[in-house]
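One file, final_34.cif, is given below (mmCIF, C-alpha atoms).
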```
data_entry
#
loop_
_atom_site.group_PDB
_atom_site.id
_atom_site.type_symbol
_atom_site.label_atom_id
_atom_site.label_comp_id
_atom_site.auth_asym_id
_atom_site.auth_seq_id
_atom_site.Cartn_x
_atom_site.Cartn_y
_atom_site.Cartn_z
ATOM 1 C CA MET B 1 20.863 -14.365 -5.777
ATOM 2 C CA ALA B 2 19.492 -13.389 -2.362
ATOM 3 C CA ARG B 3 16.212 -11.497 -2.436
ATOM 4 C CA GLU B 4 15.999 -7.910 -1.247
ATOM 5 C CA LEU B 5 13.195 -5.561 -0.322
ATOM 6 C CA LEU B 6 12.702 -1.827 -0.403
ATOM 7 C CA ALA B 7 10.995 -0.411 2.676
ATOM 8 C CA LEU B 8 9.940 3.137 3.468
ATOM 9 C CA GLN B 9 10.948 4.752 6.736
ATOM 10 C CA VAL B 10 8.357 7.421 7.335
ATOM 11 C CA ILE B 11 10.166 9.549 9.971
ATOM 12 C CA PRO B 12 12.677 10.718 8.866
ATOM 13 C CA GLY B 13 11.733 9.913 5.285
ATOM 14 C CA LYS B 14 14.103 7.364 3.730
ATOM 15 C CA VAL B 15 14.061 4.438 1.322
ATOM 16 C CA LEU B 16 15.752 1.419 2.928
ATOM 17 C CA ARG B 17 17.192 -1.637 1.187
ATOM 18 C CA ILE B 18 16.815 -4.811 3.265
ATOM 19 C CA SER B 19 18.253 -8.262 2.640
ATOM 20 C CA ALA B 20 15.623 -11.010 2.846
ATOM 21 C CA SER B 21 18.300 -13.541 3.813
ATOM 22 C CA ASP B 22 19.900 -11.871 6.843
ATOM 23 C CA GLY B 23 17.936 -8.647 7.501
ATOM 24 C CA ARG B 24 20.807 -6.316 6.711
ATOM 25 C CA VAL B 25 19.525 -2.743 6.374
ATOM 26 C CA ASP B 26 21.140 -0.128 4.115
ATOM 27 C CA THR B 27 19.892 3.322 3.172
ATOM 28 C CA PHE B 28 19.056 3.512 -0.531
ATOM 29 C CA VAL B 29 17.571 7.050 -0.632
ATOM 30 C CA GLU B 30 18.621 9.364 2.194
ATOM 31 C CA GLU B 31 15.972 12.036 1.625
ATOM 32 C CA ALA B 32 12.730 10.505 0.364
ATOM 33 C CA GLY B 33 10.515 13.505 1.190
ATOM 34 C CA ASP B 34 7.805 14.137 3.750
ATOM 35 C CA GLY B 35 5.918 11.033 4.863
ATOM 36 C CA PRO B 36 6.807 8.392 2.247
ATOM 37 C CA ASP B 37 4.140 5.690 2.227
ATOM 38 C CA GLY B 38 3.838 3.488 -0.893
ATOM 39 C CA ILE B 39 6.601 2.002 -3.059
ATOM 40 C CA PHE B 40 6.768 0.022 -6.309
ATOM 41 C CA VAL B 41 9.560 -1.059 -8.668
ATOM 42 C CA ASP B 42 9.142 -1.159 -12.433
ATOM 43 C CA SER B 43 11.887 -1.550 -15.078
ATOM 44 C CA ARG B 44 14.777 -0.898 -12.689
ATOM 45 C CA THR B 45 13.205 2.250 -11.287
ATOM 46 C CA ALA B 46 11.798 2.663 -7.783
ATOM 47 C CA TYR B 47 8.704 4.831 -7.429
ATOM 48 C CA TRP B 48 7.157 6.006 -4.163
ATOM 49 C CA THR B 49 4.438 8.290 -2.842
ATOM 50 C CA THR B 50 4.665 10.918 -0.142
ATOM 51 C CA MET B 51 1.892 12.032 2.179
ATOM 52 C CA GLY B 52 3.375 15.516 2.536
ATOM 53 C CA GLU B 53 3.967 17.510 5.692
ATOM 54 C CA PRO B 54 0.998 17.589 8.085
ATOM 55 C CA LEU B 55 -0.222 20.437 10.209
ATOM 56 C CA THR B 56 0.441 19.336 13.791
ATOM 57 C CA ASP B 57 -1.625 20.220 16.845
ATOM 58 C CA PRO B 58 0.814 20.150 19.798
ATOM 59 C CA ARG B 59 -2.087 19.656 22.208
ATOM 60 C CA VAL B 60 -2.955 16.258 20.713
ATOM 61 C CA SER B 61 -0.514 13.363 20.805
ATOM 62 C CA GLY B 62 0.111 10.809 18.056
ATOM 63 C CA GLU B 63 -1.578 10.633 14.671
ATOM 64 C CA GLU B 64 -4.754 12.230 16.003
ATOM 65 C CA GLY B 65 -2.835 15.507 16.205
ATOM 66 C CA GLN B 66 -1.719 15.419 12.556
ATOM 67 C CA ASP B 67 -3.800 17.003 9.790
ATOM 68 C CA PHE B 68 -2.843 15.751 6.302
ATOM 69 C CA SER B 69 -5.627 17.566 4.462
ATOM 70 C CA ARG B 70 -3.246 20.033 2.800
ATOM 71 C CA ARG B 71 -2.501 19.084 -0.806
ATOM 72 C CA ASN B 72 1.275 18.616 -0.629
ATOM 73 C CA GLY B 73 1.888 14.942 -1.430
ATOM 74 C CA GLY B 74 3.516 13.595 -4.596
ATOM 75 C CA VAL B 75 4.990 10.649 -6.504
ATOM 76 C CA HIS B 76 8.758 10.345 -6.876
ATOM 77 C CA ALA B 77 11.337 8.104 -8.540
ATOM 78 C CA VAL B 78 14.979 7.072 -8.604
ATOM 79 C CA ASP B 79 16.766 4.544 -10.790
ATOM 80 C CA LEU B 80 17.991 1.417 -9.036
ATOM 81 C CA ASP B 81 21.384 1.956 -10.651
ATOM 82 C CA GLY B 82 21.699 5.359 -9.020
ATOM 83 C CA GLY B 83 21.099 8.971 -9.939
ATOM 84 C CA ALA B 84 19.129 11.861 -8.533
ATOM 85 C CA ARG B 85 15.643 11.590 -7.114
ATOM 86 C CA ARG B 86 13.024 13.101 -9.426
ATOM 87 C CA ASP B 87 9.312 13.911 -9.275
ATOM 88 C CA VAL B 88 6.827 11.963 -11.380
ATOM 89 C CA VAL B 89 3.913 13.867 -9.840
ATOM 90 C CA PRO B 90 5.220 16.986 -8.068
ATOM 91 C CA PRO B 91 4.323 17.823 -4.468
ATOM 92 C CA GLY B 92 0.964 19.554 -4.419
ATOM 93 C CA ALA B 93 -0.629 17.439 -7.147
ATOM 94 C CA VAL B 94 -1.584 14.748 -4.580
ATOM 95 C CA THR B 95 -3.156 15.288 -1.169
ATOM 96 C CA THR B 96 -1.917 12.258 0.787
ATOM 97 C CA GLY B 97 -0.145 9.611 -1.290
ATOM 98 C CA LYS B 98 -0.622 6.123 0.189
ATOM 99 C CA GLN B 99 0.009 2.636 -1.250
ATOM 100 C CA LEU B 100 1.498 2.625 -4.745
ATOM 101 C CA THR B 101 1.346 -0.168 -7.303
ATOM 102 C CA GLY B 102 1.696 -0.589 -11.049
ATOM 103 C CA ASP B 103 0.633 -2.711 -13.990
ATOM 104 C CA GLY B 104 4.180 -3.571 -15.094
ATOM 105 C CA ALA B 105 3.538 -1.749 -18.364
ATOM 106 C CA GLY B 106 4.308 1.831 -17.397
ATOM 107 C CA THR B 107 1.284 2.917 -15.360
ATOM 108 C CA LEU B 108 1.266 3.619 -11.609
ATOM 109 C CA TYR B 109 -1.788 3.557 -9.310
ATOM 110 C CA TRP B 110 -2.123 4.895 -5.747
ATOM 111 C CA GLY B 111 -4.563 5.680 -2.981
ATOM 112 C CA ASP B 112 -4.951 9.325 -1.940
ATOM 113 C CA ARG B 113 -6.285 9.192 1.605
ATOM 114 C CA GLU B 114 -7.372 12.749 2.440
ATOM 115 C CA GLY B 115 -7.978 13.276 -1.275
ATOM 116 C CA HIS B 116 -10.676 10.566 -1.028
ATOM 117 C CA ARG B 117 -9.601 9.073 -4.335
ATOM 118 C CA VAL B 118 -7.601 6.542 -6.332
ATOM 119 C CA SER B 119 -5.464 7.908 -9.155
ATOM 120 C CA ARG B 120 -3.045 6.793 -11.843
ATOM 121 C CA VAL B 121 -0.249 8.252 -13.961
ATOM 122 C CA ARG B 122 2.236 7.016 -16.526
ATOM 123 C CA VAL B 123 5.788 6.616 -15.279
ATOM 124 C CA ASP B 124 6.836 9.624 -17.389
ATOM 125 C CA GLY B 125 4.389 11.815 -15.454
ATOM 126 C CA GLY B 126 1.778 12.032 -18.194
ATOM 127 C CA GLY B 127 -1.859 11.017 -18.120
ATOM 128 C CA LEU B 128 -2.611 11.906 -14.500
ATOM 129 C CA THR B 129 -6.168 10.632 -13.998
ATOM 130 C CA ASP B 130 -8.542 10.060 -11.101
ATOM 131 C CA LEU B 131 -10.250 6.662 -11.287
ATOM 132 C CA VAL B 132 -12.312 6.875 -8.087
ATOM 133 C CA VAL B 133 -13.407 10.061 -6.297
ATOM 134 C CA ASN B 134 -15.475 9.734 -3.115
ATOM 135 C CA PRO B 135 -17.514 12.543 -1.536
ATOM 136 C CA ALA B 136 -15.313 14.618 0.755
ATOM 137 C CA ALA B 137 -18.340 15.084 2.999
ATOM 138 C CA ASP B 138 -18.105 11.377 3.926
ATOM 139 C CA GLY B 139 -14.879 12.135 5.802
ATOM 140 C CA VAL B 140 -12.835 9.212 7.075
ATOM 141 C CA MET B 141 -15.268 6.677 5.613
ATOM 142 C CA ALA B 142 -14.283 7.870 2.128
ATOM 143 C CA GLU B 143 -10.506 7.690 2.613
ATOM 144 C CA CYS B 144 -8.732 5.395 0.115
ATOM 145 C CA VAL B 145 -5.484 3.751 1.234
ATOM 146 C CA GLY B 146 -4.420 0.424 -0.285
ATOM 147 C CA VAL B 147 -4.492 -0.390 -4.004
ATOM 148 C CA ALA B 148 -3.962 -3.406 -6.253
ATOM 149 C CA ALA B 149 -4.250 -3.564 -10.036
ATOM 150 C CA ASP B 150 -5.222 -6.598 -12.107
ATOM 151 C CA PRO B 151 -4.610 -5.588 -15.735
ATOM 152 C CA ALA B 152 -5.150 -9.132 -17.014
ATOM 153 C CA ARG B 153 -8.765 -9.097 -15.850
ATOM 154 C CA GLY B 154 -9.246 -5.350 -15.956
ATOM 155 C CA PHE B 155 -9.910 -4.718 -12.262
ATOM 156 C CA LEU B 156 -8.803 -2.213 -9.642
ATOM 157 C CA TYR B 157 -8.997 -3.037 -5.915
ATOM 158 C CA TRP B 158 -8.694 -0.575 -3.044
ATOM 159 C CA THR B 159 -9.245 -0.253 0.705
ATOM 160 C CA GLN B 160 -11.255 2.333 2.608
ATOM 161 C CA LYS B 161 -10.051 1.912 6.167
ATOM 162 C CA GLY B 162 -12.774 3.797 8.013
ATOM 163 C CA PRO B 163 -12.193 5.255 11.492
ATOM 164 C CA ALA B 164 -9.213 4.107 13.541
ATOM 165 C CA LYS B 165 -10.026 0.787 15.262
ATOM 166 C CA GLY B 166 -13.601 1.347 14.091
ATOM 167 C CA GLY B 167 -14.500 -1.986 12.514
ATOM 168 C CA ARG B 168 -15.976 -0.259 9.464
ATOM 169 C CA GLY B 169 -13.226 -0.904 6.903
ATOM 170 C CA ARG B 170 -13.998 -2.028 3.364
ATOM 171 C CA ILE B 171 -12.296 -3.528 0.323
ATOM 172 C CA LEU B 172 -13.799 -2.491 -3.005
ATOM 173 C CA ARG B 173 -13.396 -3.280 -6.700
ATOM 174 C CA ALA B 174 -14.116 -1.534 -9.985
ATOM 175 C CA GLY B 175 -12.864 -1.628 -13.562
ATOM 176 C CA LEU B 176 -9.458 -0.223 -14.443
ATOM 177 C CA GLU B 177 -11.302 2.004 -16.900
ATOM 178 C CA ILE B 178 -14.225 4.259 -16.033
ATOM 179 C CA PRO B 179 -17.392 3.086 -17.827
ATOM 180 C CA PRO B 180 -18.250 5.194 -20.905
ATOM 181 C CA GLY B 181 -20.282 8.260 -20.097
ATOM 182 C CA GLU B 182 -19.481 8.070 -16.367
ATOM 183 C CA THR B 183 -16.993 9.871 -14.140
ATOM 184 C CA ALA B 184 -14.610 8.952 -11.330
ATOM 185 C CA ALA B 185 -17.118 10.445 -8.889
ATOM 186 C CA ASP B 186 -20.138 8.602 -10.288
ATOM 187 C CA ARG B 187 -19.263 5.046 -11.341
ATOM 188 C CA SER B 188 -21.843 2.289 -11.656
ATOM 189 C CA ASP B 189 -19.334 -0.574 -11.480
ATOM 190 C CA VAL B 190 -18.047 -0.211 -7.884
ATOM 191 C CA GLU B 191 -18.448 -3.399 -5.830
ATOM 192 C CA VAL B 192 -17.991 -3.723 -2.065
ATOM 193 C CA LEU B 193 -16.247 -7.081 -1.586
ATOM 194 C CA TRP B 194 -15.669 -6.953 2.177
ATOM 195 C CA ASP B 195 -17.057 -4.614 4.817
ATOM 196 C CA GLY B 196 -17.004 -4.533 8.601
ATOM 197 C CA LEU B 197 -13.224 -5.086 8.620
ATOM 198 C CA PRO B 198 -11.211 -3.611 11.500
ATOM 199 C CA GLU B 199 -9.027 -1.200 9.460
ATOM 200 C CA PRO B 200 -7.646 -2.640 6.176
ATOM 201 C CA ILE B 201 -4.542 -0.918 4.824
ATOM 202 C CA ASP B 202 -2.280 -2.288 2.052
ATOM 203 C CA LEU B 203 -3.224 -4.879 -0.578
ATOM 204 C CA HIS B 204 -1.386 -7.485 -2.630
ATOM 205 C CA LEU B 205 -3.034 -9.468 -5.417
ATOM 206 C CA ASP B 206 -1.448 -12.888 -6.018
ATOM 207 C CA GLY B 207 -3.278 -14.879 -8.663
ATOM 208 C CA ASP B 208 -6.772 -15.576 -7.357
ATOM 209 C CA ARG B 209 -5.982 -14.494 -3.794
ATOM 210 C CA LEU B 210 -6.026 -11.068 -2.238
ATOM 211 C CA TYR B 211 -3.743 -10.381 0.739
ATOM 212 C CA TRP B 212 -4.042 -7.371 3.028
ATOM 213 C CA THR B 213 -2.681 -5.848 6.206
ATOM 214 C CA ASP B 214 -5.061 -4.566 8.866
ATOM 215 C CA ARG B 215 -4.045 -2.161 11.622
ATOM 216 C CA GLY B 216 -7.342 -2.260 13.481
ATOM 217 C CA ALA B 217 -8.140 -3.595 16.934
ATOM 218 C CA PRO B 218 -7.340 -7.230 17.857
ATOM 219 C CA PRO B 219 -8.246 -9.997 17.519
ATOM 220 C CA SER B 220 -8.978 -9.406 13.821
ATOM 221 C CA GLY B 221 -6.857 -6.269 13.560
ATOM 222 C CA ASN B 222 -3.094 -5.793 13.429
ATOM 223 C CA THR B 223 -3.049 -8.846 11.218
ATOM 224 C CA LEU B 224 -2.016 -10.222 7.849
ATOM 225 C CA ASN B 225 -5.004 -11.660 5.970
ATOM 226 C CA ARG B 226 -5.846 -13.395 2.722
ATOM 227 C CA ALA B 227 -8.968 -14.608 0.947
ATOM 228 C CA PRO B 228 -10.018 -15.761 -2.522
ATOM 229 C CA VAL B 229 -10.993 -12.998 -4.916
ATOM 230 C CA PRO B 230 -14.785 -13.093 -5.373
ATOM 231 C CA GLU B 231 -16.340 -13.631 -8.759
ATOM 232 C CA PRO B 232 -17.910 -10.518 -10.334
ATOM 233 C CA GLY B 233 -20.981 -9.618 -8.316
ATOM 234 C CA GLY B 234 -19.941 -11.835 -5.400
ATOM 235 C CA ARG B 235 -18.913 -11.022 -1.841
ATOM 236 C CA GLY B 236 -15.688 -11.970 -0.125
ATOM 237 C CA GLN B 237 -15.326 -14.976 2.167
ATOM 238 C CA ASP B 238 -14.214 -14.582 5.769
ATOM 239 C CA PRO B 239 -10.465 -13.931 5.566
ATOM 240 C CA GLU B 240 -7.791 -16.347 6.729
ATOM 241 C CA ILE B 241 -5.581 -14.669 9.338
ATOM 242 C CA LEU B 242 -1.978 -15.627 8.577
ATOM 243 C CA ALA B 243 -0.284 -13.675 11.386
ATOM 244 C CA ASP B 244 -1.172 -11.225 14.128
ATOM 245 C CA GLY B 245 0.430 -9.130 16.853
ATOM 246 C CA PHE B 246 1.836 -6.396 14.620
ATOM 247 C CA ALA B 247 2.475 -2.884 15.919
ATOM 248 C CA GLU B 248 0.177 -1.089 13.447
ATOM 249 C CA ALA B 249 0.637 -3.229 10.310
ATOM 250 C CA ILE B 250 1.118 -1.257 7.082
ATOM 251 C CA GLY B 251 3.372 -2.445 4.245
ATOM 252 C CA LEU B 252 3.001 -5.778 2.466
ATOM 253 C CA ALA B 253 5.022 -7.783 -0.058
ATOM 254 C CA VAL B 254 4.342 -11.397 -1.028
ATOM 255 C CA ASP B 255 7.106 -13.594 -2.444
ATOM 256 C CA ARG B 256 5.206 -16.436 -4.080
ATOM 257 C CA GLU B 257 8.396 -18.198 -5.201
ATOM 258 C CA GLU B 258 9.787 -18.410 -1.664
ATOM 259 C CA GLY B 259 6.396 -18.805 -0.001
ATOM 260 C CA VAL B 260 6.845 -15.854 2.354
ATOM 261 C CA ALA B 261 4.899 -12.643 2.992
ATOM 262 C CA TYR B 262 6.625 -9.610 4.487
ATOM 263 C CA VAL B 263 4.857 -7.054 6.670
ATOM 264 C CA SER B 264 6.200 -3.731 7.932
ATOM 265 C CA ASP B 265 4.686 -1.779 10.813
ATOM 266 C CA LEU B 266 4.771 1.581 12.544
ATOM 267 C CA GLY B 267 6.576 -0.038 15.463
ATOM 268 C CA GLY B 268 9.663 -0.144 13.251
ATOM 269 C CA SER B 269 9.767 -3.871 12.481
ATOM 270 C CA LEU B 270 9.755 -5.936 9.304
ATOM 271 C CA ARG B 271 8.388 -9.444 9.867
ATOM 272 C CA ALA B 272 8.518 -12.458 7.568
ATOM 273 C CA VAL B 273 5.437 -14.690 7.553
ATOM 274 C CA PRO B 274 5.920 -18.158 5.980
ATOM 275 C CA LEU B 275 2.794 -19.028 4.024
ATOM 276 C CA PRO B 276 0.952 -22.212 5.044
ATOM 277 C CA ASP B 277 1.094 -23.543 1.478
ATOM 278 C CA GLY B 278 4.618 -22.320 0.661
ATOM 279 C CA LEU B 279 8.144 -23.710 0.794
ATOM 280 C CA ALA B 280 8.584 -22.565 4.388
ATOM 281 C CA ALA B 281 5.240 -23.915 5.614
ATOM 282 C CA GLY B 282 5.241 -24.720 9.308
ATOM 283 C CA ARG B 283 7.807 -22.126 10.282
ATOM 284 C CA ALA B 284 6.620 -19.438 12.690
ATOM 285 C CA PRO B 285 6.640 -15.755 11.671
ATOM 286 C CA TYR B 286 9.886 -14.013 12.636
ATOM 287 C CA THR B 287 11.371 -10.540 12.737
ATOM 288 C CA LEU B 288 13.636 -10.069 9.734
ATOM 289 C CA ALA B 289 14.760 -6.528 10.583
ATOM 290 C CA ALA B 290 14.003 -3.852 13.154
ATOM 291 C CA PRO B 291 15.392 -0.495 12.010
ATOM 292 C CA GLY B 292 13.663 1.141 14.963
ATOM 293 C CA HIS B 293 11.844 3.898 13.058
ATOM 294 C CA PRO B 294 8.241 3.649 11.814
ATOM 295 C CA LEU B 295 7.966 1.752 8.523
ATOM 296 C CA THR B 296 5.262 2.094 5.881
ATOM 297 C CA GLY B 297 5.408 0.832 2.271
ATOM 298 C CA LEU B 298 7.216 -2.286 1.176
ATOM 299 C CA CYS B 299 8.057 -4.075 -2.076
ATOM 300 C CA LEU B 300 10.291 -6.837 -3.381
ATOM 301 C CA LEU B 301 13.193 -5.989 -5.644
ATOM 302 C CA PRO B 302 13.391 -7.951 -8.893
ATOM 303 C CA GLY B 303 15.897 -10.815 -8.723
ATOM 304 C CA GLY B 304 19.450 -9.698 -9.408
ATOM 305 C CA SER B 305 18.806 -5.994 -8.738
#
```
What is this file in structure tokens?
Amino acid sequence: MARELLALQVIPGKVLRISASDGRVDTFVEEAGDGPDGIFVDSRTAYWTTMGEPLTDPRVSGEEGQDFSRRNGGVHAVDLDGGARRDVVPPGAVTTGKQLTGDGAGTLYWGDREGHRVSRVRVDGGGLTDLVVNPAADGVMAECVGVAADPARGFLYWTQKGPAKGGRGRILRAGLEIPPGETAADRSDVEVLWDGLPEPIDLHLDGDRLYWTDRGAPPSGNTLNRAPVPEPGGRGQDPEILADGFAEAIGLAVDREEGVAYVSDLGGSLRAVPLPDGLAAGRAPYTLAAPGHPLTGLCLLPGGS
């Protein structure tokens, strides 16, 4: 059966269903909330985060004029078979919900950008816990965006993008559990794997490789990247750039079976990037769909959904 993806349209907030074979776009959720950003599917249920409604300064254009520091983001869900949208974490319990992932066993993880943290919750809404809390005084340098969970090896990965086009982005790692006697704000097991990146955003862990989007300045920014996951205590190798030229790259989904990575951007496009070691090796990246509105989070639907 043809593969499909779920993509988030940030303005106006919708969940889109996109065919990976022909790029057909259908609306799956008409009203996804204010600023949907991260999406994940587990057990025939789609979950997504919202950033909430920003305070807007009409004197400043673009994102620079939007203040997301109010705590009005959340985590939401709808069954793939239909039904009403529901809240897993109600608006106001999250500051700015960013990339969302899960462990496939009933726990969701997400980055909270202006909340300067990474959090988790069970899919039934219980067990809301902060795993990483950075000092708010560190401002944009402490903002957490992308997340990836590795339950088999017990690790959590996340990005801290740094200032826009600033070249100070980082990818970090810590245990999925806080060390005994420590807190989310004071962990001894945090490792910086990469630093000095343009502006890393979303992550995808595929075996021993980590993939990420980067919306920073060219030539290294607005790219899709991958690199081997470092051994504990090690530092990351220089990333392999798989594609560039995105219009503010955000969402990421990797289809290992088909050998294709998908990247969504704020320019309103969804591009397919054949992997150099995949079934479609040698084919150039191409635009799969262009809904025309800014796109954020992205995930593959399970086969047959």
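This file gives the following result for the PyMOL selection byres ((chain B and resi 76) around 9): Ala32, Gly33, Ala46, Tyr47, Trp48, Thr49, Thr50, Gly74, Val75, Ala77, Val78, Arg85, Arg86, Asp87, Val88, Val89 and Pro90 of chain B.
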How close does region 43-114 of chain B get to region 136-157 of chain B? List, as CSV, each residue of region 43-114 of chain B within 8 Å, its nearest atom pair and the distance in Å to one decimal, counting all atoms listed in the file.
```
residue,atom,partner,partner_atom,distance
B:Lys98,CA,B:Val145,CA,5.5
B:Gln99,CA,B:Gly146,CA,5.0
B:Leu100,CA,B:Val147,CA,6.7
B:Thr101,CA,B:Ala148,CA,6.3
B:Gly102,CA,B:Ala149,CA,6.7
B:Asp103,CA,B:Pro151,CA,6.2
B:Tyr109,CA,B:Val147,CA,7.1
B:Trp110,CA,B:Val147,CA,6.0
B:Gly111,CA,B:Val145,CA,4.7
B:Asp112,CA,B:Cys144,CA,5.8
B:Arg113,CA,B:Glu143,CA,4.6
B:Glu114,CA,B:Glu143,CA,6.0
```
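Selection result for the displayed file, with the PyMOL selection byres ((chain B and resi 268) around 8) as criterion, is B:Ser264, B:Asp265, B:Leu266, B:Gly267, B:Ser269, B:Leu270, B:Ala290, B:Pro291, B:Gly292, B:His293, B:Pro294, B:Leu295.
Omitting Lys14 (chain B) and its sequence neighbours fewer than 3 positions away, and counting all atoms listed in the file, the residues within 10 Å are Ala7, Leu8, Gln9, Val10, Ile11, Arg17, Thr27, Phe28, Val29, Glu30, Glu31, Ala32, Gly33, Asp34, Gly35, Pro36 and Leu295 of chain B.
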Exercise. Would you list the contacts of region 248-262 of chain B as a PyMOL selection string, taking every protein, DNA or RNA residue within 9 Å and counting all atoms listed in the file, but skipping same-chain residues closer than 5 positions in sequence?
Key: chain B and resi 5+7-8+37-38+99+200-206+211-216+221-224+267+270-281+288+295-300
Using the selection just defined, write its residues with C-alpha atoms as a PDB file, keeping the file's coordinate frame.
```
ATOM      1  CA  LEU B   5      13.195  -5.561  -0.322  1.00  0.00           C
ATOM      2  CA  ALA B   7      10.995  -0.411   2.676  1.00  0.00           C
ATOM      3  CA  LEU B   8       9.940   3.137   3.468  1.00  0.00           C
ATOM      4  CA  ASP B  37       4.140   5.690   2.227  1.00  0.00           C
ATOM      5  CA  GLY B  38       3.838   3.488  -0.893  1.00  0.00           C
ATOM      6  CA  GLN B  99       0.009   2.636  -1.250  1.00  0.00           C
ATOM      7  CA  PRO B 200      -7.646  -2.640   6.176  1.00  0.00           C
ATOM      8  CA  ILE B 201      -4.542  -0.918   4.824  1.00  0.00           C
ATOM      9  CA  ASP B 202      -2.280  -2.288   2.052  1.00  0.00           C
ATOM     10  CA  LEU B 203      -3.224  -4.879  -0.578  1.00  0.00           C
ATOM     11  CA  HIS B 204      -1.386  -7.485  -2.630  1.00  0.00           C
ATOM     12  CA  LEU B 205      -3.034  -9.468  -5.417  1.00  0.00           C
ATOM     13  CA  ASP B 206      -1.448 -12.888  -6.018  1.00  0.00           C
ATOM     14  CA  TYR B 211      -3.743 -10.381   0.739  1.00  0.00           C
ATOM     15  CA  TRP B 212      -4.042  -7.371   3.028  1.00  0.00           C
ATOM     16  CA  THR B 213      -2.681  -5.848   6.206  1.00  0.00           C
ATOM     17  CA  ASP B 214      -5.061  -4.566   8.866  1.00  0.00           C
ATOM     18  CA  ARG B 215      -4.045  -2.161  11.622  1.00  0.00           C
ATOM     19  CA  GLY B 216      -7.342  -2.260  13.481  1.00  0.00           C
ATOM     20  CA  GLY B 221      -6.857  -6.269  13.560  1.00  0.00           C
ATOM     21  CA  ASN B 222      -3.094  -5.793  13.429  1.00  0.00           C
ATOM     22  CA  THR B 223      -3.049  -8.846  11.218  1.00  0.00           C
ATOM     23  CA  LEU B 224      -2.016 -10.222   7.849  1.00  0.00           C
ATOM     24  CA  GLY B 267       6.576  -0.038  15.463  1.00  0.00           C
ATOM     25  CA  LEU B 270       9.755  -5.936   9.304  1.00  0.00           C
ATOM     26  CA  ARG B 271       8.388  -9.444   9.867  1.00  0.00           C
ATOM     27  CA  ALA B 272       8.518 -12.458   7.568  1.00  0.00           C
ATOM     28  CA  VAL B 273       5.437 -14.690   7.553  1.00  0.00           C
ATOM     29  CA  PRO B 274       5.920 -18.158   5.980  1.00  0.00           C
ATOM     30  CA  LEU B 275       2.794 -19.028   4.024  1.00  0.00           C
ATOM     31  CA  PRO B 276       0.952 -22.212   5.044  1.00  0.00           C
ATOM     32  CA  ASP B 277       1.094 -23.543   1.478  1.00  0.00           C
ATOM     33  CA  GLY B 278       4.618 -22.320   0.661  1.00  0.00           C
ATOM     34  CA  LEU B 279       8.144 -23.710   0.794  1.00  0.00           C
ATOM     35  CA  ALA B 280       8.584 -22.565   4.388  1.00  0.00           C
ATOM     36  CA  ALA B 281       5.240 -23.915   5.614  1.00  0.00           C
ATOM     37  CA  LEU B 288      13.636 -10.069   9.734  1.00  0.00           C
ATOM     38  CA  LEU B 295       7.966   1.752   8.523  1.00  0.00           C
ATOM     39  CA  THR B 296       5.262   2.094   5.881  1.00  0.00           C
ATOM     40  CA  GLY B 297       5.408   0.832   2.271  1.00  0.00           C
ATOM     41  CA  LEU B 298       7.216  -2.286   1.176  1.00  0.00           C
ATOM     42  CA  CYS B 299       8.057  -4.075  -2.076  1.00  0.00           C
ATOM     43  CA  LEU B 300      10.291  -6.837  -3.381  1.00  0.00           C
TER      44      LEU B 300
END
```
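Between CA of Gly125 (chain B) and CA of Leu108 (chain B) lies a distance of 9.6 Å.
The residues caught by the PyMOL selection byres ((chain B and resi 124) around 9) in this file are Val88, Gly106, Thr107, Val121, Arg122, Val123, Gly125, Gly126 and Gly127 of chain B.
If you look at CA of Val133 (chain B) and CA of Gly169 (chain B), they are 17.2 Å away from each other.
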Quiz item: Rounded to one decimal in Å, what is the spacing between CA of Ala289 (chain B) and CA of Gly23 (chain B)?
Solution: 4.9 Å
Quiz item: For Arg70 (chain B), which residue out of B:Gly97, B:Pro58, B:Gly236, B:Pro219 is the nearest one, using all atoms listed in the file?
Solution: B:Gly97
Quiz item: Of the candidates B:Leu80, B:Arg187, B:Gly162, B:Ile39, which shows the shortest atom-to-atom distance to Ala174 (chain B), using all atoms listed in the file?
Solution: B:Arg187
Quick one: axis-aligned box around all listed atoms of region 75-91 of chain B, 4 Å on every side, centre and edge lengths in Å to one decimal, written as AutoDock Vina command-line options.
```
--center_x 12.8 --center_y 9.6 --center_z -7.9 --size_x 25.8 --size_y 24.4 --size_z 14.9
```
